[in-house]
Amino acid sequence: MSRSFPLTRRVALLAALALGTGLAQAQSNVRILVGFPPGGGTDAIARILAEKLQPELGQAVVVDNKPGAGGQLAGQALKAAPADGSTVFLSHDHSVSILPLTMKNPGFDPAKDFVPVAGFATFVNAVALSGGTPARDFRAWIDSVKAAGGKATVGIPAPASTPQFAVQVIGKRYGLDLVAAPYRGSAPMMGDMLGNQIPAGVGSVPDFIENHKAGKLRVVAVMGTQRQAALPEVPTFSELGIKGFEDMPYYGIFAPAGTPAAAVDKLGAAVQKVIALPDVRQKLSAMGLTVGYMSGAELGKREAAYREVWARIIKDSGYQPQ
């Protein structure tokens, strides 16, 4: 005659099994931290990669948005995450290279707290005009600001960011009082631009390009050394006589310091395969990115060189770390 477990023991056993299954599933996930809210360019890029990384890694890959302070909160979350390959930070230059230059204590030191996994693209920042702004190009916008008294508000996706310094340089170049209005990411900035609450904004091409193509706003100038393939009609800052913005920002993936080399290599190899997929390259290129793989070592060198360039620009601007 068989004996059955008492009800309380059966419930406890089932609960333990469920908990164990849940823990195993949680441990099998790869979490991609994004320092900006859903709806912006960085979030869209992370979701494109996450979808393809999942079958490549054989693990669930989820995007975890931690918006605030220009990616500072996501950077802090990466530092605190387990160094086991389960958490990475997908970031562009601002959070990793610029924040440590503009803040006294961002809560992390990329050189000590992060390990580069892979770079996958470069991009450029741009000036865009809201749909309700009458000017059709950059020079016409400058002339209209002068005619209106020389003062205008320009949106930027984060305080103390490269777009903020670009606004300062443009204002100085043309003798204008341009006020940079910081937002908590590109998505809310875009919302105000599309609603004609602000006349212009400076941000990344991926933030603007969809609405530019839809005719809802106009990208009128791009940084970098040459015109962008996705925006061949838009002149560069250099063409417009604004120098110093030739160095191109990057997108990369970082893991917590101490992550085993095998885990870093596995993630990097997966990123390399995913960005080589034709549909992924097409989607990222259509967003204004120049797609190209960088190993972890190459990404580390790229980040250090970029930080050195911007350290000079920020120092010359007179900005004091907050």
# chains A, B, ... in the order shown; residues from 1 in each chain; ligands from 1

$ select_by_dssp --residues "segment 51-266 of chain A" --states "strand (DSSP E or B)" --output "number ranges by chain"
A: 61-65, 87-92, 114-122, 125-130, 151-156, 177-182, 200-204, 217-222, 228, 231, 236, 250-256

$ residues_around --residues "segment 237-254 of chain A" --least-positions-apart "6" --cutoff "7 Å" --atoms "only C-alpha atoms" --output "ChimeraX atom specification"
/A:88-93,114-124,221-225

$ atom_distance --atom1 "atom CA of Arg184 of chain A" --atom2 "atom CA of Asn211 of chain A"
19.2 Å

$ residues_around --residues "Glu51 of chain A" --least-positions-apart "3" --cutoff "10 Å" --atoms "only C-alpha atoms" --output "list in words"
Ala46, Arg47, Ile48, Gln54, Pro55, Glu56, Ala60, Val61, Val62, Val63, Val274 and Val280 of chain A

$ select_by_dssp --residues "segment 51-191 of chain A" --states "alpha helix (DSSP H)" --output "ChimeraX atom specification"
/A:51-57,72-80,93,99-102,110-113,138-147,162-174,186-191

$ closest_residue --among "A:Gly107, A:Gly203, A:Gly175, A:Gly70" --to "Gly150 of chain A" --atoms "only C-alpha atoms"
A:Gly175

$ closest_atom_pairs --of "segment 204-262 of chain A" --to "segment 79-83 of chain A" --cutoff "8 Å" --atoms "only C-alpha atoms" --output "JSON lines"
{"residue": "A:Ala255", "atom": "CA", "partner": "A:Ala83", "partner_atom": "CA", "distance": 7.3}
{"residue": "A:Pro256", "atom": "CA", "partner": "A:Ala83", "partner_atom": "CA", "distance": 5.3}
{"residue": "A:Ala257", "atom": "CA", "partner": "A:Ala83", "partner_atom": "CA", "distance": 6.6}
{"residue": "A:Gly258", "atom": "CA", "partner": "A:Ala83", "partner_atom": "CA", "distance": 5.6}
{"residue": "A:Thr259", "atom": "CA", "partner": "A:Ala83", "partner_atom": "CA", "distance": 4.4}
{"residue": "A:Pro260", "atom": "CA", "partner": "A:Ala83", "partner_atom": "CA", "distance": 7.5}

$ closest_residue --among "A:Leu129, A:Leu231, A:Ala44, A:Leu73" --to "Pro106 of chain A" --atoms "only C-alpha atoms"
A:Leu73

$ atom_distance --atom1 "atom CA of Pro182 of chain A" --atom2 "atom CA of Gly131 of chain A"
19.7 Å

$ closest_residue --among "A:Val179, A:Val202, A:Leu99, A:Met193" --to "Ala160 of chain A" --atoms "only C-alpha atoms"
A:Leu99

$ residues_around --residues "Ala69 of chain A" --least-positions-apart "6" --cutoff "9 Å" --atoms "only C-alpha atoms" --output "ChimeraX atom specification"
/A:35-36,95,158-159,184-185

$ closest_residue --among "A:Ala276, A:Leu78, A:Val96, A:Val264" --to "Tyr306 of chain A" --atoms "only C-alpha atoms"
A:Val96

$ decode --residues "segment 193-221 of chain A" --atoms "N, CA and C atoms" --output "PDB file, in the first residue's frame"
ATOM      1  N   MET A 193       9.628  68.376 -29.272  1.00  0.00           N
ATOM      2  CA  MET A 193       9.924  68.875 -30.615  1.00  0.00           C
ATOM      3  C   MET A 193       8.757  68.614 -31.561  1.00  0.00           C
ATOM      4  N   LEU A 194       8.190  67.415 -31.482  1.00  0.00           N
ATOM      5  CA  LEU A 194       7.069  67.087 -32.354  1.00  0.00           C
ATOM      6  C   LEU A 194       5.831  67.910 -32.007  1.00  0.00           C
ATOM      7  N   GLY A 195       5.743  68.331 -30.745  1.00  0.00           N
ATOM      8  CA  GLY A 195       4.638  69.192 -30.330  1.00  0.00           C
ATOM      9  C   GLY A 195       4.945  70.667 -30.482  1.00  0.00           C
ATOM     10  N   ASN A 196       6.103  70.970 -31.064  1.00  0.00           N
ATOM     11  CA  ASN A 196       6.539  72.357 -31.293  1.00  0.00           C
ATOM     12  C   ASN A 196       6.648  73.158 -30.002  1.00  0.00           C
ATOM     13  N   GLN A 197       7.004  72.468 -28.920  1.00  0.00           N
ATOM     14  CA  GLN A 197       7.233  73.155 -27.656  1.00  0.00           C
ATOM     15  C   GLN A 197       8.622  73.777 -27.613  1.00  0.00           C
ATOM     16  N   ILE A 198       9.552  73.229 -28.366  1.00  0.00           N
ATOM     17  CA  ILE A 198      10.881  73.811 -28.522  1.00  0.00           C
ATOM     18  C   ILE A 198      11.196  73.844 -30.018  1.00  0.00           C
ATOM     19  N   PRO A 199      11.935  74.865 -30.475  1.00  0.00           N
ATOM     20  CA  PRO A 199      12.147  75.029 -31.918  1.00  0.00           C
ATOM     21  C   PRO A 199      13.226  74.142 -32.510  1.00  0.00           C
ATOM     22  N   ALA A 200      14.144  73.653 -31.662  1.00  0.00           N
ATOM     23  CA  ALA A 200      15.280  72.901 -32.184  1.00  0.00           C
ATOM     24  C   ALA A 200      15.816  71.958 -31.122  1.00  0.00           C
ATOM     25  N   GLY A 201      16.612  70.991 -31.563  1.00  0.00           N
ATOM     26  CA  GLY A 201      17.239  70.062 -30.637  1.00  0.00           C
ATOM     27  C   GLY A 201      18.545  69.560 -31.209  1.00  0.00           C
ATOM     28  N   VAL A 202      19.434  69.150 -30.314  1.00  0.00           N
ATOM     29  CA  VAL A 202      20.678  68.499 -30.723  1.00  0.00           C
ATOM     30  C   VAL A 202      20.690  67.120 -30.078  1.00  0.00           C
ATOM     31  N   GLY A 203      20.876  66.094 -30.891  1.00  0.00           N
ATOM     32  CA  GLY A 203      20.892  64.723 -30.393  1.00  0.00           C
ATOM     33  C   GLY A 203      21.515  63.827 -31.444  1.00  0.00           C
ATOM     34  N   SER A 204      21.403  62.543 -31.259  1.00  0.00           N
ATOM     35  CA  SER A 204      22.011  61.612 -32.211  1.00  0.00           C
ATOM     36  C   SER A 204      21.119  61.448 -33.441  1.00  0.00           C
ATOM     37  N   VAL A 205      21.745  61.119 -34.563  1.00  0.00           N
ATOM     38  CA  VAL A 205      20.979  60.857 -35.778  1.00  0.00           C
ATOM     39  C   VAL A 205      19.940  59.757 -35.563  1.00  0.00           C
ATOM     40  N   PRO A 206      20.271  58.645 -34.849  1.00  0.00           N
ATOM     41  CA  PRO A 206      19.229  57.637 -34.604  1.00  0.00           C
ATOM     42  C   PRO A 206      17.992  58.179 -33.888  1.00  0.00           C
ATOM     43  N   ASP A 207      18.165  59.218 -33.073  1.00  0.00           N
ATOM     44  CA  ASP A 207      17.014  59.799 -32.391  1.00  0.00           C
ATOM     45  C   ASP A 207      16.089  60.532 -33.367  1.00  0.00           C
ATOM     46  N   PHE A 208      16.671  61.140 -34.403  1.00  0.00           N
ATOM     47  CA  PHE A 208      15.918  62.036 -35.276  1.00  0.00           C
ATOM     48  C   PHE A 208      15.461  61.420 -36.598  1.00  0.00           C
ATOM     49  N   ILE A 209      16.168  60.407 -37.067  1.00  0.00           N
ATOM     50  CA  ILE A 209      16.054  60.057 -38.477  1.00  0.00           C
ATOM     51  C   ILE A 209      14.656  59.601 -38.890  1.00  0.00           C
ATOM     52  N   GLU A 210      13.957  58.857 -38.047  1.00  0.00           N
ATOM     53  CA  GLU A 210      12.624  58.374 -38.424  1.00  0.00           C
ATOM     54  C   GLU A 210      11.667  59.535 -38.664  1.00  0.00           C
ATOM     55  N   ASN A 211      11.660  60.505 -37.761  1.00  0.00           N
ATOM     56  CA  ASN A 211      10.765  61.649 -37.918  1.00  0.00           C
ATOM     57  C   ASN A 211      11.244  62.601 -39.004  1.00  0.00           C
ATOM     58  N   HIS A 212      12.552  62.627 -39.252  1.00  0.00           N
ATOM     59  CA  HIS A 212      13.071  63.415 -40.373  1.00  0.00           C
ATOM     60  C   HIS A 212      12.528  62.854 -41.683  1.00  0.00           C
ATOM     61  N   LYS A 213      12.615  61.546 -41.847  1.00  0.00           N
ATOM     62  CA  LYS A 213      12.141  60.916 -43.076  1.00  0.00           C
ATOM     63  C   LYS A 213      10.633  61.059 -43.231  1.00  0.00           C
ATOM     64  N   ALA A 214       9.929  61.130 -42.101  1.00  0.00           N
ATOM     65  CA  ALA A 214       8.469  61.298 -42.140  1.00  0.00           C
ATOM     66  C   ALA A 214       8.056  62.752 -42.345  1.00  0.00           C
ATOM     67  N   GLY A 215       9.031  63.661 -42.360  1.00  0.00           N
ATOM     68  CA  GLY A 215       8.733  65.076 -42.571  1.00  0.00           C
ATOM     69  C   GLY A 215       8.194  65.792 -41.345  1.00  0.00           C
ATOM     70  N   LYS A 216       8.354  65.172 -40.171  1.00  0.00           N
ATOM     71  CA  LYS A 216       7.832  65.776 -38.946  1.00  0.00           C
ATOM     72  C   LYS A 216       8.832  66.724 -38.283  1.00  0.00           C
ATOM     73  N   LEU A 217      10.096  66.604 -38.644  1.00  0.00           N
ATOM     74  CA  LEU A 217      11.131  67.551 -38.244  1.00  0.00           C
ATOM     75  C   LEU A 217      12.214  67.503 -39.309  1.00  0.00           C
ATOM     76  N   ARG A 218      13.211  68.401 -39.185  1.00  0.00           N
ATOM     77  CA  ARG A 218      14.234  68.484 -40.222  1.00  0.00           C
ATOM     78  C   ARG A 218      15.627  68.436 -39.595  1.00  0.00           C
ATOM     79  N   VAL A 219      16.419  67.448 -39.937  1.00  0.00           N
ATOM     80  CA  VAL A 219      17.822  67.426 -39.561  1.00  0.00           C
ATOM     81  C   VAL A 219      18.548  68.372 -40.516  1.00  0.00           C
ATOM     82  N   VAL A 220      19.277  69.356 -39.968  1.00  0.00           N
ATOM     83  CA  VAL A 220      19.871  70.395 -40.817  1.00  0.00           C
ATOM     84  C   VAL A 220      21.391  70.444 -40.744  1.00  0.00           C
ATOM     85  N   ALA A 221      22.011  69.697 -39.835  1.00  0.00           N
ATOM     86  CA  ALA A 221      23.472  69.662 -39.751  1.00  0.00           C
ATOM     87  C   ALA A 221      23.887  68.427 -38.976  1.00  0.00           C
TER      88      ALA A 221
END
